[in-house]
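Undergrad: Sharing a structure, written as structure tokens. Questions coming.
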Amino acid sequence: MIRIASALLGLSMAVLLAACIPQPSSSKLHDGPRRTIENKGSDTLVNLALAWAEIYMERHPDVRISVTGGGSGTGIAAMINGTVSIANASREMTPVEIAAARANGVEPEEYVVARDAIAVIVNSSNPVDGLTLQQISDIYTGKITNWRELGGEDRPIVLLSRESNSGTYIYFLEHVIRQGESRRDLLFSPDTLLMPSSEGITTEVRQNPNAIGYDGLGYVTPDLKVIAVAKDSQSPFVLPSVRTVNDGSYPVARPLYMYTAGKPVGHVEHFLTWVRGDGQRLTSRLGFVPLSNASESGESE
Amino acid sequence: MMSQAETSEKPQFIWTEFVIEASIRVLGFSTIGFVLLIFLFLLLEGVPVFWEVPLKNLFGTRWYPNFGYFGTLPLIFGSAFVTLTAIIIALPLGVLTAVFIREVAPEWLREILKPMVEVLAGIPSVVLGFFGMIVIAPLVRVIFNAPTGLTVFSGALVLAYMSLPTIISVAEDALDAVPKSYRDAALAMGATQWQTIWHVVVPAARSGIAMAVMLGMGRAIGETMAVMMVTGNAARMPLDLGSLFMPARTMTATIAAEMGEVARGGIHYHALFGIGIILFLLTFIINLAAALAIFRKQRRGGLR
């Protein structure tokens with residue numbers, strides 16, 4: 001029994017070891033030790049973070065950056081637990097998360113890395129062009145249930161949302177459904193379909209003329225129809241774009257964050273500085289809004 | 001490790017036999033041990049929710065875990081609705097297929113069909129989920145004029161397809177177990193082949209078919225990925241028949257979608273494990289029913 005047990009132990013350890021060594025052949029290509037940056041979190045930010053990582057690794061072959069998605073909450077939890085060095089988030093850390101980090105001996109450091117407009121999207125055959133924030137709120141709380149009430153065809157409205165672990169979900173709830181007044185107790189209608197990914201939302205909106213969804217502007221493809229949004233019934237309807245986000249006329253825009261556990265040092269700090277400097281040139285190419293001088297300091301919604 | 005290997009290398013051949021027998025015994029018992037440990041873990045992590053959240057809230061109708069509403073009823077009903085619909089679709093299909101393969105099909109066709117049914121079981125659920133999302137959901141929306149195609153019915157179709165291999169092979173075994181003398185007697189009495197099948201063979205295999213359905217149901221209620229992709233995940237109460245063409249949120253999809261996000265040890269975390277306990281109990285009851293069906297079948301065998 002002992003022999004078999006020790007053989008099994010040895011075998012499993014060998015497998016484990018083999019799995020732990022990250023591609024020994026590739027590390028020989030460069031002199032000096034390779035440094036790695038683990039980067040995880042927001043699905044909104046993941047394409048941009050991948051682009052940053054790709055360009056940065058081209059210029060700094062000694063640094064290896066791995067980027068994964070999973071949702072803002074997932075990334076922040078991983079940063080708190082020390083499994084990643086940078087968490088991507090499409091929302092600020094909550095007081096609960098900050099307390100959890102401190103209980104773990106981690107003082108989170110916040111960086112705004114880009115800005116993002118949240119686009120409200122419908123099927124391309126939908127005749128509705130513009131909605132006010134109040135109308136969107138009424139749609140998502142279930143007060144308006146037919147496109148007819150909004151000047152569209154006589155069709156039921158199908159509500160699509162991201163899952164509740166998404167930073168976009170929280171932002172949309174607080175800034176569109178509750179319109180910033182967090183004392184109001186409004187929630188998504190129970191009929192809202194919670195989709196596990198951004199692609200889930202775009203797939204359904206693309207094929208269903210009844211659907212309405214929301215997503216980061218970077219995810220919107222030309223075959224979806226973007227709704228122009230007005231702050232209130234007196235304001236003009238505005239389509240999301242780099243310009244309308246920067247001049248503040250598009251009302252549903254938010255900063256995107258990267259969080260580190262404590263003040264970053266060495267290559268992590270260098271990467272973050274680059275992201276907030278030269279890296280900003282990539283943001284608009286991917287449908288995000290670069291940090292401008294005006295939006296450097298945390299803007300209030 | 002080296003020294004241990006050396007000691008067991010000693011030439012005592014009775015020992016080797018003992019070692020092999022003992023290790024097989026340990027491995028056998030460890031399976032039971034692991035199940036017990038998993039159940040214990042589930043209880044430890046999940047039971048706190050039953051006093052952290054008032055029962056009225058816990059068995060309420062609103063599931064907004066981020067905002068303190070932990071009503072599990074929509075999830076339980078969602079799972080039950082999807083699973084029952086799937087079984088209602090899969091039962092006739094599965095049993096008829098089993099009857100065809102066992103009783104009607106010629107030998108050569110049977111040899112082709114049986115392995116094909118087994119291949120069905122090997123299709124990964126995420127592939128079926130993707131197929132459901134891209135192909136079945138739009139069809140369901142257009143054909144039934146539903147607001148969206150991501151509905152209970154679409155999920156049930158995918159689940160029915162996934163539980164078919166289980167139902168077919170178990171039901172087929174049950175039909176196979178019916179003694180040849182039953183068929184001979186029926187045919188000798190002047191019954192046609194269909195009369196023999198419907199009035200003698202299938203009723204005799206009743207308990208085995210019931211077991212097939214129970215096992216298929218157990219497969220369906222625990223399925224996660226495909227259901228998450230196809231049912232729309234809206235935590236609404238499916239109270240009328242119209243809900244068949246509305247979205248629903250199942251227990252498994254809820255756990256899978258939310259577990260990655262929760263803070264360890266929080267109420268939400270405990271609530272997800274609480275759902276796990278409820279799911280475990282439901283599956284246990286279904287499996288128990290299947291076991292009882294086997295018991296009845298064996299007793300029938302003993303009487304004959």
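Labeling convention for the structure tokens: chains A, B, ... as they appear, residues from 1 per chain, ligands from 1 in order of appearance.
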Got a sec to pull out which chain B residues are within 9 Å of chain A, counting only C-alpha atoms, and send them as number ranges by chain?
TA: B: 1-2, 4-9, 16, 18-23, 62-67, 133-134, 138, 141, 147-150, 228-229, 231-237, 246-249, 257-258, 260-263
Undergrad: Residues of stretch 113-275 of chain A in strand (DSSP E) according to DSSP, as a tab-separated table (two decimals) with C-alpha atoms, in the first residue's frame?
TA:
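What follows is the written file selection_7.tsv:
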chain	number	residue	atom	x	y	z
A	113	VAL	CA	-6.79	54.04	-17.28
A	114	ALA	CA	-9.48	55.01	-19.82
A	115	ARG	CA	-13.05	56.15	-20.12
A	116	ASP	CA	-15.92	54.21	-21.60
A	117	ALA	CA	-19.34	55.06	-22.91
A	118	ILE	CA	-22.10	52.56	-22.27
A	119	ALA	CA	-24.13	52.20	-25.42
A	120	VAL	CA	-27.79	51.20	-25.33
A	121	ILE	CA	-28.32	48.86	-28.26
A	122	VAL	CA	-31.33	47.45	-30.12
A	130	GLY	CA	-33.61	58.01	-29.11
A	131	LEU	CA	-34.61	57.48	-25.47
A	132	THR	CA	-34.34	59.62	-22.37
A	158	VAL	CA	-37.06	41.89	-24.01
A	159	LEU	CA	-34.59	43.20	-21.45
A	160	LEU	CA	-31.00	42.05	-21.59
A	161	SER	CA	-28.37	42.70	-18.98
A	162	ARG	CA	-24.99	41.40	-17.91
A	193	LEU	CA	-32.40	38.18	-18.94
A	194	LEU	CA	-28.96	38.02	-17.34
A	195	MET	CA	-26.43	37.02	-19.96
A	211	ALA	CA	-34.50	43.07	-27.50
A	212	ILE	CA	-32.80	45.98	-25.80
A	213	GLY	CA	-29.37	45.67	-24.22
A	214	TYR	CA	-26.46	47.74	-22.99
A	215	ASP	CA	-22.75	47.26	-23.31
A	216	GLY	CA	-19.43	49.08	-23.48
A	225	LYS	CA	-28.30	49.89	-33.66
A	226	VAL	CA	-27.08	52.34	-31.03
A	228	ALA	CA	-29.18	58.17	-28.82
A	229	VAL	CA	-29.67	59.08	-25.17
A	230	ALA	CA	-30.94	62.33	-23.65
A	253	ALA	CA	-19.97	57.31	-19.52
A	254	ARG	CA	-17.69	56.14	-16.79
A	255	PRO	CA	-14.01	55.82	-15.92
A	256	LEU	CA	-12.29	52.42	-16.13
A	257	TYR	CA	-9.81	51.41	-13.47
A	258	MET	CA	-6.81	49.28	-12.76
A	259	TYR	CA	-6.14	48.34	-9.15
A	260	THR	CA	-2.89	47.13	-7.63
A	261	ALA	CA	-2.23	45.69	-4.19
Undergrad: Can you list, as an NGL selection string, every residue of stretch 103-274 of chain A that DSSP puts in alpha helix (DSSP H)?
TA: :A and (103 or 133-140 or 167-172 or 198-207 or 242-246 or 266-274)
Undergrad: Skip B:Val119 itself and residues of its chain fewer than 4 positions away, then list as a list in words all residues within 12 Å of it, counting only C-alpha atoms.
TA: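 Result of the neighbour search: Ile112, Leu113, Lys114, Pro115, Ile123, Pro124, Met162, Leu164, Pro165, Thr166 and Ser169 of chain B.
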Undergrad: With C-alpha atoms retained, write the just-selected residues as a JSON list (two decimals), in the first residue's frame.
TA:
[["chain", "number", "residue", "atom", "x", "y", "z"],
["B", 112, "ILE", "CA", -25.47, 0.83, -35.89],
["B", 113, "LEU", "CA", -28.01, 2.58, -33.66],
["B", 114, "LYS", "CA", -26.67, 1.47, -30.29],
["B", 115, "PRO", "CA", -23.18, 2.96, -30.66],
["B", 123, "ILE", "CA", -21.20, 15.63, -26.94],
["B", 124, "PRO", "CA", -19.92, 18.34, -24.56],
["B", 162, "MET", "CA", -28.93, 15.47, -23.35],
["B", 164, "LEU", "CA", -31.99, 10.90, -24.19],
["B", 165, "PRO", "CA", -28.89, 8.65, -24.23],
["B", 166, "THR", "CA", -29.39, 7.80, -20.54],
["B", 169, "SER", "CA", -29.82, 2.79, -22.85]]
Undergrad: Show which residues sit within 9 Å of stretch 88-105 of chain B, as a VMD selection string. Count only C-alpha atoms, and ignore same-chain residues fewer than 2 positions away.
TA: chain B and resid 83 to 86 107 to 110 113 to 114 156 to 157 159 to 161 163 to 173 175 to 176 193 197 202 209 212 to 213 216
Undergrad: Once you have the residues from the selection above, write them out as a PDB file, in the first residue's frame, restricted to C-alpha atoms.
TA:
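Result saved to selection.pdb:
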ATOM      1  CA  THR B  83     -36.387  19.635 -15.913  1.00  0.00           C
ATOM      2  CA  LEU B  84     -40.003  18.460 -15.992  1.00  0.00           C
ATOM      3  CA  THR B  85     -40.564  19.887 -19.464  1.00  0.00           C
ATOM      4  CA  ALA B  86     -37.380  18.203 -20.653  1.00  0.00           C
ATOM      5  CA  GLU B 107     -30.038  -6.911 -36.144  1.00  0.00           C
ATOM      6  CA  TRP B 108     -27.760  -4.888 -38.467  1.00  0.00           C
ATOM      7  CA  LEU B 109     -29.616  -1.630 -37.773  1.00  0.00           C
ATOM      8  CA  ARG B 110     -29.443  -2.258 -34.036  1.00  0.00           C
ATOM      9  CA  LEU B 113     -28.009   2.581 -33.661  1.00  0.00           C
ATOM     10  CA  LYS B 114     -26.670   1.466 -30.287  1.00  0.00           C
ATOM     11  CA  ALA B 156     -35.917  21.887 -22.090  1.00  0.00           C
ATOM     12  CA  LEU B 157     -35.296  20.902 -25.727  1.00  0.00           C
ATOM     13  CA  LEU B 159     -31.861  19.084 -21.869  1.00  0.00           C
ATOM     14  CA  ALA B 160     -34.203  16.500 -23.381  1.00  0.00           C
ATOM     15  CA  TYR B 161     -31.599  15.841 -26.030  1.00  0.00           C
ATOM     16  CA  SER B 163     -30.926  13.045 -21.209  1.00  0.00           C
ATOM     17  CA  LEU B 164     -31.992  10.895 -24.191  1.00  0.00           C
ATOM     18  CA  PRO B 165     -28.886   8.649 -24.232  1.00  0.00           C
ATOM     19  CA  THR B 166     -29.386   7.801 -20.542  1.00  0.00           C
ATOM     20  CA  ILE B 167     -33.087   7.084 -20.993  1.00  0.00           C
ATOM     21  CA  ILE B 168     -32.582   5.034 -24.151  1.00  0.00           C
ATOM     22  CA  SER B 169     -29.821   2.789 -22.847  1.00  0.00           C
ATOM     23  CA  VAL B 170     -31.423   2.134 -19.438  1.00  0.00           C
ATOM     24  CA  ALA B 171     -34.876   1.531 -20.942  1.00  0.00           C
ATOM     25  CA  GLU B 172     -33.331  -0.744 -23.531  1.00  0.00           C
ATOM     26  CA  ASP B 173     -31.663  -2.809 -20.804  1.00  0.00           C
ATOM     27  CA  LEU B 175     -36.723  -4.316 -22.217  1.00  0.00           C
ATOM     28  CA  ASP B 176     -33.866  -6.740 -22.722  1.00  0.00           C
ATOM     29  CA  GLN B 193     -46.058  -7.994 -32.647  1.00  0.00           C
ATOM     30  CA  ILE B 197     -44.793  -4.990 -27.316  1.00  0.00           C
ATOM     31  CA  VAL B 202     -43.354  -2.638 -22.086  1.00  0.00           C
ATOM     32  CA  ILE B 209     -38.377   2.406 -17.650  1.00  0.00           C
ATOM     33  CA  ALA B 212     -34.540   5.317 -16.856  1.00  0.00           C
ATOM     34  CA  VAL B 213     -36.710   8.394 -16.505  1.00  0.00           C
ATOM     35  CA  GLY B 216     -32.484  11.043 -17.098  1.00  0.00           C
TER      36      GLY B 216
END
Undergrad: Can you work out the spacing between atom CA of A:Arg285 and atom CA of A:Ala49 in Å, to one decimal?
TA: 12.7 Å
Undergrad: So, with only C-alpha atoms as the atoms that count, which of A:Gly218, A:Gly82, A:Pro108, A:Pro236 lies closest to A:Leu133?
TA: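 Residue with the minimum atom-to-atom distance to A:Leu133: A:Pro236.
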Undergrad: Of the residues B:Met189, B:Val201, B:Ile267, B:Asp240, which is the one nearest to B:Phe77, using only C-alpha atoms?
TA: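 Nearest to B:Phe77: B:Asp240.
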Undergrad: Near A:Leu50, counting only C-alpha atoms, which residues have an atom at most 12 Å away, once you skip same-chain residues fewer than 6 positions from it, shown as an MDAnalysis selection string?
TA: chainID A and resid 38:44 56:57 64:69 88 275 279 282:283 286
Undergrad: Go ahead and compute the interatomic distance for atom CA of B:Gly132 and atom CA of B:Val117, in Å to one decimal.
TA: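 Interatomic distance, atom CA of B:Gly132 to atom CA of B:Val117: 19.5 Å.
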Undergrad: Please determine, counting only C-alpha atoms, which residue among A:Asp247, A:Glu109, A:Glu269, A:Asp154 has the shortest atom-to-atom distance to A:Asn126.
TA: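 The shortest atom-to-atom distance to A:Asn126 comes from A:Asp154.
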